$ cat coords-v1.cif   # mmCIF, C-alpha atoms
data_input
loop_
_atom_site.label_atom_id
_atom_site.label_comp_id
_atom_site.auth_asym_id
_atom_site.auth_seq_id
_atom_site.Cartn_x
_atom_site.Cartn_y
_atom_site.Cartn_z
CA MET V 1 4.30 24.51 28.37
CA GLY V 2 7.01 26.86 27.06
CA LYS V 3 9.82 24.57 28.28
CA ILE V 4 8.25 21.54 26.68
CA THR V 5 7.90 23.32 23.33
CA ILE V 6 11.52 24.49 23.35
CA PHE V 7 12.75 21.02 24.32
CA SER V 8 10.64 19.44 21.57
CA LYS V 9 11.98 21.80 18.94
CA LEU V 10 15.55 21.18 20.12
CA ILE V 11 15.06 17.46 19.61
CA ILE V 12 13.58 18.06 16.16
CA ASN V 13 16.54 20.26 15.19
CA MET V 14 18.95 17.57 16.37
CA PHE V 15 17.13 15.03 14.19
CA ILE V 16 17.38 17.37 11.22
CA GLY V 17 21.09 17.73 11.89
CA VAL V 18 21.50 13.94 11.89
CA VAL V 19 19.63 13.65 8.56
CA LEU V 20 21.82 16.34 6.97
CA ALA V 21 24.95 14.68 8.37
CA GLN V 22 23.95 11.38 6.78
CA PHE V 23 23.30 13.14 3.49
CA LEU V 24 26.68 14.96 3.59
CA GLY V 25 28.60 11.92 4.79
CA VAL V 26 29.86 13.43 8.10
CA PRO V 27 29.58 11.87 11.59
CA GLU V 28 26.02 11.94 12.90
CA ALA V 29 27.18 13.33 16.26
CA TYR V 30 28.36 16.51 14.52
CA GLY V 31 25.01 16.84 12.85
CA ALA V 32 23.14 16.47 16.14
CA ILE V 33 25.34 19.10 17.84
CA GLY V 34 25.02 21.46 14.89
CA GLY V 35 21.26 21.00 14.80
CA ALA V 36 21.06 22.07 18.43
CA VAL V 37 23.61 24.89 18.47
CA VAL V 38 23.18 26.66 15.10
CA PRO V 39 19.45 27.50 15.46
CA LEU V 40 20.03 28.77 19.02
CA ALA V 41 22.92 30.94 17.86
CA ALA V 42 20.85 32.27 14.97
CA GLY V 43 17.84 32.99 17.11
CA ALA V 44 18.90 36.51 17.97
CA PHE V 45 18.89 37.45 14.29
CA MET V 46 15.54 35.88 13.38
CA PRO V 47 11.94 36.98 14.00
CA GLN V 48 10.15 35.55 16.97
CA GLY V 49 8.71 32.11 16.16
CA ALA V 50 11.02 31.61 13.17
CA LEU V 51 13.75 29.82 15.12
CA CYS V 52 12.70 26.28 14.29
CA GLU V 53 9.51 26.35 12.30
CA GLY V 54 10.83 27.57 8.92
CA VAL V 55 13.81 25.21 8.80
CA PHE V 56 11.74 22.41 10.29
CA THR V 57 9.05 22.65 7.59
CA GLU V 58 11.58 23.05 4.79
CA ILE V 59 13.63 20.03 5.85
CA TRP V 60 10.58 17.82 6.30
CA THR V 61 9.38 18.73 2.82
CA GLY V 62 12.85 18.21 1.38
CA GLU V 63 13.13 14.78 2.95
CA LEU V 64 9.76 13.74 1.54
CA VAL V 65 10.63 15.04 -1.94
CA ARG V 66 13.88 13.07 -1.82
CA ARG V 67 12.02 9.92 -0.81
CA LEU V 68 9.34 10.37 -3.50
CA ARG V 69 11.90 11.07 -6.22
CA GLY V 70 13.69 7.88 -5.22
CA GLY V 71 10.37 6.08 -5.70
CA MET V 72 10.13 7.49 -9.23
CA THR V 73 12.75 4.91 -10.26
CA ALA V 74 10.17 2.11 -9.87
CA SER V 75 11.47 -0.54 -12.25
CA TRP V 76 8.48 -0.87 -14.58
CA LEU V 77 8.52 2.89 -15.18
CA ASP V 78 12.26 3.12 -15.92
CA GLY V 79 12.84 4.81 -19.26
CA VAL V 80 9.33 6.25 -19.53
CA SER V 81 9.40 9.89 -20.65
CA ASP V 82 9.54 12.24 -17.65
CA TYR V 83 7.76 15.54 -18.33
CA SER V 84 8.09 16.97 -14.82
CA ALA V 85 9.94 19.99 -16.16
CA ALA V 86 6.94 20.85 -18.38
CA VAL V 87 4.43 20.96 -15.51
CA ASN V 88 2.72 24.34 -15.11
CA ASN V 89 0.04 24.87 -12.47
CA GLU V 90 -0.12 21.08 -12.01
CA VAL V 91 -0.97 20.60 -15.72
CA VAL V 92 1.37 19.26 -18.40
CA HIS V 93 0.86 20.07 -22.09
CA LEU V 94 1.78 17.44 -24.69
CA VAL V 95 1.96 17.81 -28.44
CA ASP V 96 -0.51 15.60 -30.29
CA VAL V 97 1.67 14.76 -33.28
CA GLY V 98 -0.25 14.41 -36.54
CA GLY V 99 0.21 11.70 -39.15
CA ASP V 100 3.55 10.87 -40.73
CA PRO V 101 4.40 12.24 -44.18
CA ASP V 102 3.77 10.04 -47.22
CA VAL V 103 6.86 8.38 -48.67
CA LEU V 104 7.35 8.51 -52.44
CA ILE V 105 9.24 5.61 -54.04
CA ASN V 106 10.99 6.07 -57.40
CA ASN V 107 9.24 9.39 -57.88
CA THR V 108 9.56 11.06 -61.29
CA THR V 109 7.06 13.90 -60.83
CA TYR V 110 8.29 17.34 -59.79
CA PRO V 111 7.75 19.58 -57.99
CA ILE V 112 7.02 17.23 -55.11
CA PRO V 113 3.60 18.12 -53.66
CA ALA V 114 3.37 19.60 -50.18
CA GLN V 115 1.69 17.75 -47.34
CA GLU V 116 0.58 19.53 -44.15
CA LEU V 117 1.14 17.76 -40.83
CA GLU V 118 -1.27 19.10 -38.22
CA ASP V 119 -0.28 18.94 -34.56
CA GLY V 120 -2.54 19.55 -31.60
CA ASP V 121 -2.29 20.28 -27.89
CA ILE V 122 -3.12 17.74 -25.18
CA ALA V 123 -3.51 19.25 -21.70
CA LEU V 124 -3.28 16.60 -18.99
CA GLY V 125 -3.75 17.42 -15.31
CA LEU V 126 -1.77 15.82 -12.51
CA ASP V 127 -3.44 13.91 -9.68
CA LYS V 128 -3.33 15.32 -6.17
CA PHE V 129 -2.29 12.95 -3.40
CA GLN V 130 -2.84 14.05 0.19
CA THR V 131 -2.13 12.24 3.44
CA LYS V 132 -4.41 12.59 6.43
CA LYS V 133 -2.78 14.57 9.19
CA THR V 134 -0.64 12.96 11.87
CA VAL V 135 -0.86 14.35 15.39
CA VAL V 136 2.29 14.28 17.55
CA SER V 137 1.73 15.76 20.98
CA ASP V 138 4.33 17.66 22.97
CA ASP V 139 3.94 15.03 25.68
CA THR V 140 4.93 12.35 23.16
CA LEU V 141 7.97 14.27 21.93
CA PHE V 142 9.02 14.95 25.52
CA ALA V 143 8.89 11.25 26.41
CA ILE V 144 10.45 9.55 23.36
CA SER V 145 13.48 9.88 21.09
CA TYR V 146 13.54 11.97 17.90
CA ASP V 147 13.14 8.79 15.79
CA LYS V 148 9.40 9.44 16.06
CA ILE V 149 9.75 12.30 13.58
CA GLY V 150 11.69 10.13 11.13
CA SER V 151 9.02 7.46 11.41
CA VAL V 152 6.29 10.00 10.59
CA ILE V 153 8.13 11.22 7.48
CA GLU V 154 8.77 7.67 6.32
CA ARG V 155 5.16 6.58 6.70
CA HIS V 156 3.79 9.64 4.91
CA GLY V 157 6.25 9.13 2.06
CA ASP V 158 5.50 5.41 1.79
CA ALA V 159 1.75 6.01 1.80
CA ILE V 160 1.96 8.54 -1.05
CA THR V 161 4.38 6.35 -3.04
CA ILE V 162 2.12 3.30 -2.79
CA GLY V 163 -0.93 5.35 -3.73
CA LYS V 164 0.59 7.10 -6.74
CA PHE V 165 2.01 3.94 -8.31
CA LYS V 166 -1.21 2.02 -7.74
CA LYS V 167 -3.03 4.86 -9.49
CA ALA V 168 -0.42 4.82 -12.28
CA ALA V 169 -0.94 1.12 -12.98
CA HIS V 170 -4.70 1.63 -13.10
CA ALA V 171 -4.34 4.55 -15.53
CA VAL V 172 -2.10 2.59 -17.92
CA ALA V 173 -4.38 -0.46 -18.20
CA PRO V 174 -7.08 -0.25 -20.91
CA GLN V 175 -10.79 0.00 -20.11
CA SER V 176 -11.76 -3.01 -22.25
CA ASP V 177 -10.82 -4.90 -25.39
CA THR V 178 -10.52 -2.88 -28.61
CA ASP V 179 -8.34 -3.19 -31.69
CA ALA V 180 -5.93 -0.58 -30.34
CA THR V 181 -6.05 -1.84 -26.72
CA PRO V 182 -6.20 -5.65 -26.66
CA VAL V 183 -7.52 -7.32 -23.50
CA ILE V 184 -6.91 -11.09 -23.47
CA PRO V 185 -8.76 -13.61 -21.25
CA THR V 186 -6.72 -16.32 -19.54
CA SER V 187 -7.13 -19.82 -20.92
CA GLY V 188 -5.50 -22.19 -18.42
CA GLU V 189 -7.02 -24.66 -16.00
CA ALA V 190 -9.65 -23.37 -13.58
CA GLY V 191 -8.37 -22.78 -10.07
CA ALA V 192 -10.07 -22.97 -6.70
CA ASP V 193 -10.75 -19.23 -6.83
CA GLY V 194 -12.98 -19.63 -9.90
CA ARG V 195 -10.63 -18.14 -12.47
CA LYS V 196 -8.65 -19.71 -15.28
CA LYS V 197 -4.91 -19.61 -14.81
CA LEU V 198 -2.50 -17.69 -17.02
CA THR V 199 -0.46 -19.64 -19.54
CA ARG V 200 2.40 -18.63 -21.81
CA LYS V 201 0.00 -19.04 -24.72
CA ASP V 202 -2.00 -16.10 -23.34
CA ILE V 203 1.11 -13.93 -23.44
CA ILE V 204 1.70 -15.01 -27.04
CA ALA V 205 -1.92 -14.11 -27.86
CA LEU V 206 -1.33 -10.62 -26.46
CA LYS V 207 1.83 -10.30 -28.53
CA ARG V 208 -0.03 -11.37 -31.66
CA ARG V 209 -2.68 -8.67 -31.13
CA LEU V 210 -0.03 -5.98 -30.67
CA ASP V 211 1.81 -7.21 -33.77
CA ALA V 212 -1.40 -6.94 -35.79
CA GLN V 213 -1.60 -3.22 -34.96
CA GLY V 214 1.95 -2.63 -36.12
CA TYR V 215 3.20 -1.46 -32.72
CA PRO V 216 7.02 -1.49 -32.43
CA ALA V 217 8.45 -4.72 -31.04
CA THR V 218 11.17 -2.93 -29.09
CA GLY V 219 10.05 -1.17 -25.92
CA ARG V 220 7.11 -3.40 -25.00
CA ARG V 221 6.66 -4.08 -21.29
CA LEU V 222 4.47 -6.62 -19.55
CA VAL V 223 3.65 -6.08 -15.86
CA LEU V 224 2.37 -9.29 -14.29
CA CYS V 225 0.13 -9.36 -11.25
CA SER V 226 1.00 -11.75 -8.43
CA ASP V 227 -1.74 -14.24 -9.39
CA HIS V 228 -0.37 -14.59 -12.90
CA VAL V 229 3.24 -14.97 -11.78
CA ASN V 230 2.16 -17.73 -9.42
CA ASP V 231 0.14 -19.39 -12.21
CA LEU V 232 3.24 -19.61 -14.37
CA LEU V 233 5.39 -20.86 -11.50
CA GLU V 234 2.89 -23.60 -10.66
CA GLU V 235 2.13 -24.84 -14.15
CA ASP V 236 5.12 -24.08 -16.34
CA GLN V 237 8.40 -25.91 -15.70
CA LYS V 238 10.17 -23.90 -18.42
CA PHE V 239 9.10 -20.64 -16.79
CA ARG V 240 10.42 -21.82 -13.42
CA ASP V 241 13.73 -22.96 -14.88
CA GLN V 242 14.45 -20.27 -17.47
CA TYR V 243 12.45 -17.14 -16.75
CA TYR V 244 12.31 -16.73 -12.97
CA ASN V 245 15.27 -15.86 -10.72
CA TYR V 246 14.38 -17.11 -7.24
CA THR V 247 17.17 -15.12 -5.61
CA SER V 248 16.26 -11.69 -6.99
CA GLY V 249 12.62 -12.29 -7.95
CA LYS V 250 13.45 -10.85 -11.38
CA ILE V 251 11.56 -12.22 -14.37
CA ALA V 252 13.48 -12.60 -17.63
CA ASN V 253 12.18 -11.13 -20.88
CA MET V 254 9.58 -13.21 -22.73
CA TYR V 255 8.43 -13.05 -26.37
CA GLY V 256 9.77 -9.53 -26.87
CA PHE V 257 8.33 -8.18 -23.59
CA GLU V 258 10.39 -6.77 -20.74
CA VAL V 259 8.60 -8.50 -17.87
CA TYR V 260 7.99 -7.10 -14.39
CA GLU V 261 5.91 -8.04 -11.36
CA PHE V 262 3.78 -5.51 -9.47
CA GLU V 263 1.66 -6.12 -6.39
CA ASN V 264 -0.91 -3.37 -7.03
CA CYS V 265 -2.12 -4.16 -10.53
CA PRO V 266 -5.68 -3.03 -11.42
CA PHE V 267 -8.73 -5.25 -11.03
CA TYR V 268 -10.95 -6.43 -13.90
CA THR V 269 -14.46 -7.83 -13.84
CA LYS V 270 -15.34 -11.30 -15.09
CA GLU V 271 -16.57 -9.56 -18.27
CA GLY V 272 -13.09 -8.19 -18.93
CA THR V 273 -13.67 -4.51 -18.08
CA LYS V 274 -11.51 -2.48 -15.70
CA VAL V 275 -12.93 -1.83 -12.24
CA PRO V 276 -12.99 1.94 -11.52
CA TYR V 277 -10.11 3.02 -9.30
CA LYS V 278 -12.31 4.22 -6.44
CA ASN V 279 -14.55 1.14 -6.47
CA THR V 280 -13.99 -1.77 -4.12
CA PRO V 281 -13.48 -5.03 -6.08
CA THR V 282 -16.16 -7.70 -5.66
CA GLY V 283 -15.66 -11.41 -5.16
CA THR V 284 -15.66 -12.09 -8.90
CA ASP V 285 -13.13 -9.34 -9.72
CA HIS V 286 -9.46 -10.26 -10.03
CA GLN V 287 -6.20 -8.47 -10.56
CA ALA V 288 -5.00 -8.36 -14.16
CA SER V 289 -1.63 -8.02 -15.85
CA PHE V 290 -1.08 -5.11 -18.22
CA CYS V 291 1.33 -4.09 -20.96
CA PHE V 292 2.41 -0.89 -22.68
CA TYR V 293 4.82 0.52 -25.23
CA THR V 294 7.23 2.80 -23.38
CA LYS V 295 7.20 5.62 -25.95
CA ARG V 296 3.40 5.93 -25.68
CA LEU V 297 3.57 6.58 -21.94
CA PHE V 298 4.62 9.59 -19.88
CA ARG V 299 4.99 10.53 -16.25
CA ALA V 300 5.22 13.88 -14.49
CA GLN V 301 5.79 14.99 -10.93
CA GLY V 302 4.57 18.33 -9.66
CA SER V 303 5.01 20.12 -6.36
CA THR V 304 5.21 18.66 -2.86
CA LYS V 305 4.03 20.70 0.10
CA MET V 306 3.99 20.19 3.82
CA TYR V 307 1.19 21.48 6.05
CA TYR V 308 2.22 21.94 9.65
CA LYS V 309 0.60 23.30 12.80
CA ASP V 310 2.87 23.83 15.76
CA ALA V 311 1.80 22.83 19.25
CA ALA V 312 2.56 26.36 20.43
CA THR V 313 -0.35 27.63 18.31
CA ASN V 314 -2.63 24.75 19.29
CA PRO V 315 -3.48 25.44 22.95
CA ASP V 316 -6.51 23.13 23.07
CA ASN V 317 -4.63 19.95 22.18
CA GLN V 318 -1.00 21.04 22.71
CA ALA V 319 -0.01 18.86 19.76
CA ASN V 320 1.81 19.24 16.47
CA GLU V 321 -0.18 18.35 13.33
CA VAL V 322 1.34 17.55 9.96
CA ASN V 323 0.39 16.18 6.55
CA PHE V 324 1.62 16.42 2.96
CA ARG V 325 0.31 17.15 -0.52
CA HIS V 326 1.96 15.77 -3.66
CA TYR V 327 1.15 15.96 -7.39
CA TYR V 328 1.95 13.13 -9.80
CA VAL V 329 0.58 11.41 -12.88
CA VAL V 330 1.34 8.53 -15.25
CA LEU V 331 -0.81 8.23 -18.38
CA PRO V 332 -0.76 6.93 -21.93
CA LYS V 333 -0.21 9.78 -24.41
CA LYS V 334 -2.95 8.22 -26.54
CA ASN V 335 -5.38 5.39 -25.92
CA GLU V 336 -3.32 2.92 -27.92
CA ALA V 337 -0.37 0.51 -27.60
CA ILE V 338 -1.59 -0.66 -24.18
CA GLY V 339 -3.14 -4.00 -23.30
CA ALA V 340 -4.06 -6.40 -20.51
CA ILE V 341 -4.61 -10.05 -19.63
CA TYR V 342 -7.49 -10.63 -17.21
CA SER V 343 -8.46 -13.73 -15.26
CA TRP V 344 -11.47 -15.24 -17.04
CA ASP V 345 -14.00 -17.46 -15.28
CA GLY V 346 -14.43 -19.62 -18.37
CA ALA V 347 -18.13 -18.86 -18.85
CA THR V 348 -18.93 -15.13 -18.91
CA ALA V 349 -18.90 -13.45 -22.31
CA GLN V 350 -16.25 -10.76 -22.68
CA THR V 351 -17.42 -7.16 -23.02
CA LYS V 352 -15.63 -5.28 -25.79
CA GLY V 353 -15.43 -1.70 -27.00
CA THR V 354 -16.45 -0.05 -23.72
CA ALA V 355 -15.80 3.68 -23.81
CA THR V 356 -12.82 4.80 -21.79
CA THR V 357 -13.82 6.76 -18.69
CA ASN V 358 -10.78 8.55 -17.31
CA ASP V 359 -10.76 9.45 -13.64
CA GLN V 360 -11.12 13.15 -12.93
CA ASN V 361 -7.71 14.73 -12.32
CA TRP V 362 -7.08 17.54 -9.85
CA ALA V 363 -7.39 20.37 -12.40
CA GLU V 364 -10.76 19.02 -13.55
CA ALA V 365 -11.93 18.41 -9.97
CA ARG V 366 -10.93 21.96 -9.03
CA ARG V 367 -12.88 23.46 -11.95
CA ALA V 368 -15.93 21.32 -11.15
CA ALA V 369 -15.82 22.41 -7.49
CA ALA V 370 -15.60 26.05 -8.54
CA LEU V 371 -18.62 25.66 -10.82
CA ASP V 372 -20.59 23.94 -8.05
CA LYS V 373 -19.73 26.76 -5.66
CA GLU V 374 -20.77 29.37 -8.22
CA SER V 375 -24.04 27.54 -8.82
CA LEU V 376 -24.79 27.41 -5.10
CA GLN V 377 -24.04 31.12 -4.74
CA GLU V 378 -26.36 31.96 -7.62
CA GLY V 379 -29.06 29.80 -6.09
CA GLY V 380 -28.64 31.58 -2.76
CA GLN V 381 -28.91 34.99 -4.42
CA GLN V 382 -32.08 33.94 -6.24
CA ALA V 383 -33.58 32.67 -3.00
CA ALA V 384 -32.70 35.92 -1.26
CA ALA V 385 -34.22 37.97 -4.09
CA GLY V 386 -37.49 36.08 -3.76
CA GLY V 387 -37.45 36.03 0.01
CA ASP V 388 -40.28 38.57 0.41
CA GLU V 389 -42.70 36.13 -1.16
CA LEU V 390 -41.87 33.32 1.22
CA ASP V 391 -43.95 32.69 4.33
CA VAL V 392 -41.35 32.27 7.08
#

$ encode --input "coords-v1.cif" --output "structure tokens"
Amino acid sequence: MGKITIFSKLIINMFIGVVLAQFLGVPEAYGAIGGAVVPLAAGAFMPQGALCEGVFTEIWTGELVRRLRGGMTASWLDGVSDYSAAVNNEVVHLVDVGGDPDVLINNTTYPIPAQELEDGDIALGLDKFQTKKTVVSDDTLFAISYDKIGSVIERHGDAITIGKFKKAAHAVAPQSDTDATPVIPTSGEAGADGRKKLTRKDIIALKRRLDAQGYPATGRRLVLCSDHVNDLLEEDQKFRDQYYNYTSGKIANMYGFEVYEFENCPFYTKEGTKVPYKNTPTGTDHQASFCFYTKRLFRAQGSTKMYYKDAATNPDNQANEVNFRHYYVVLPKKNEAIGAIYSWDGATAQTKGTATTNDQNWAEARRAAALDKESLQEGGQQAAAGGDELDV
């Protein structure tokens, strides 16, 4: 068992050396040799058990952070305010700016009166994303190449990236139609799937609603779901010829919107209300497109942590176990200047003015769990105090 563990760690160190060599731009062979030799040479100066585990955990975490930060450049979030530096204890505090000062035109009255502008604090918690653990046995590491470790890191990083951006899209889309958050039903021909197709007129209708609220024309973004992109490609010759680049898949700007396509857009019901993130869509729910004004949105990334159990401390299974935790959030600063276009069935009346129900973030979930635990403890103490009266 000891030989297998040492061999496994040697392979892991060689993989780490290759990764660092790629990052530094030196031959991978040097990295592999360095990964094997340096930890062995340093072993005499390090505590027992620290030879591989500390560096191993640190490099894995670093690789995942690098991958996740690369994912933060997702195109439809480019230019959105990044408040990662303001995160404290996985909570970011925003300033709720009060109204603008009144403007006096051709004023002749002095002194000019004072006007107080009241600001407030908005505390927004980040969401916690965790992967389920992956088990890699010593037998597996003994029998295969070190690419297994790279594959594990890649899959954990991809899973978190997909999850956090899917959650971000859901958070940006409005709950239902209001004056400040327009939700437009599609108006095209009915398709085989029971929904009306998107037309360019629907996009114009969304623009008109945003214009009516006085939202700035510059900085508007429209994120189309796959169904709606396909609707436009099928029905609109002008869209095919002028707006869609078949080589890159890039959609040109339309009607003042910067236009993007995203495969994990939120689902809406046939009544035009957003399906809760944790709910499974039904047969009559369809993905919707959504829009936002970039200056009303923010994103923030918190800490990333690796959890690792070495096979040497796992005698029952003789396997390494690993998973990751990552904090991230994308939210509107206020419930305004966001909108959506949902696939209407052509018959169901649209529900409007539904109260926004934000998903519980990690800080809120943690407080709720603590209160539940306190309540259970109090209940247990009360039961114990009254135990003499119980017939057991």

$ atom_distance --input "coords-v1.cif" --atom1 "CA of Ile162 (chain V)" --atom2 "CA of Thr131 (chain V)"
11.7 Å

$ closest_residue --input "coords-v1.cif" --among "V:Ala252, V:Ala312, V:Val172, V:Leu222" --to "Arg296 (chain V)" --atoms "all atoms listed in the file"
V:Val172

$ resolve_selection --input "coords-v1.cif" --expression "the PyMOL selection byres ((chain V and resi 185-189) around 8)" --output "number ranges by chain"
V: 183-184, 190-191, 196-199, 202, 272, 341-344, 346

$ resolve_selection --input "coords-v1.cif" --expression "the PyMOL selection byres ((chain V and resi 176) around 6)" --output "list in words"
Pro174, Gln175, Asp177, Thr273, Lys352 and Thr354 of chain V

$ residues_near_point --input "coords-v1.cif" --point "(-4.7, 13.9, 0.2)" --cutoff "10 Å" --atoms "all atoms listed in the file" --output "PyMOL selection string"
chain V and resi 127-133+160+323-327

$ resolve_selection --input "coords-v1.cif" --expression "the PyMOL selection byres ((chain V and resi 334) around 10)" --output "PDB file with C-alpha atoms, in the coordinates of the input"
ATOM      1  CA  ASP V  96      -0.510  15.600 -30.290  1.00  0.00           C
ATOM      2  CA  ILE V 122      -3.120  17.740 -25.180  1.00  0.00           C
ATOM      3  CA  ARG V 296       3.400   5.930 -25.680  1.00  0.00           C
ATOM      4  CA  LEU V 297       3.570   6.580 -21.940  1.00  0.00           C
ATOM      5  CA  LEU V 331      -0.810   8.230 -18.380  1.00  0.00           C
ATOM      6  CA  PRO V 332      -0.760   6.930 -21.930  1.00  0.00           C
ATOM      7  CA  LYS V 333      -0.210   9.780 -24.410  1.00  0.00           C
ATOM      8  CA  ASN V 335      -5.380   5.390 -25.920  1.00  0.00           C
ATOM      9  CA  GLU V 336      -3.320   2.920 -27.920  1.00  0.00           C
ATOM     10  CA  ALA V 337      -0.370   0.510 -27.600  1.00  0.00           C
ATOM     11  CA  ILE V 338      -1.590  -0.660 -24.180  1.00  0.00           C
TER      12      ILE V 338
END

$ closest_residue --input "coords-v1.cif" --among "V:Asn264, V:Asn320, V:Thr269, V:Thr284" --to "Lys166 (chain V)" --atoms "all atoms listed in the file"
V:Asn264

$ residues_around --input "coords-v1.cif" --residues "Tyr255 (chain V)" --least-positions-apart "3" --cutoff "10 Å" --atoms "all atoms listed in the file" --output "list in words"
Arg200, Ile203, Ile204, Lys207, Ala217, Arg220, Glu258 and Val259 of chain V

$ residues_around --input "coords-v1.cif" --residues "region 78-84 of chain V" --least-positions-apart "3" --cutoff "12 Å" --atoms "all atoms listed in the file" --output "number ranges by chain"
V: 69-75, 87-95, 124-126, 219-221, 258, 260, 292-303, 327-333

$ atom_distance --input "coords-v1.cif" --atom1 "CA of Arg208 (chain V)" --atom2 "CA of Pro281 (chain V)"
29.6 Å

$ closest_residue --input "coords-v1.cif" --among "V:Lys305, V:Arg240, V:Thr348, V:Pro266" --to "Lys167 (chain V)" --atoms "all atoms listed in the file"
V:Pro266

$ atom_distance --input "coords-v1.cif" --atom1 "CA of Asp231 (chain V)" --atom2 "CA of Asp179 (chain V)"
26.7 Å

$ residues_around --input "coords-v1.cif" --residues "Val152 (chain V)" --least-positions-apart "6" --cutoff "10 Å" --atoms "only C-alpha atoms" --output "MDAnalysis selection string"
chainID V and resid 60 134:136 158 322:323

$ closest_residue --input "coords-v1.cif" --among "V:Leu232, V:Leu77, V:Ala340, V:Ala169" --to "Ala288 (chain V)" --atoms "only C-alpha atoms"
V:Ala340

$ closest_residue --input "coords-v1.cif" --among "V:Ala85, V:Ala180, V:Leu233, V:Leu224" --to "Asp211 (chain V)" --atoms "only C-alpha atoms"
V:Ala180
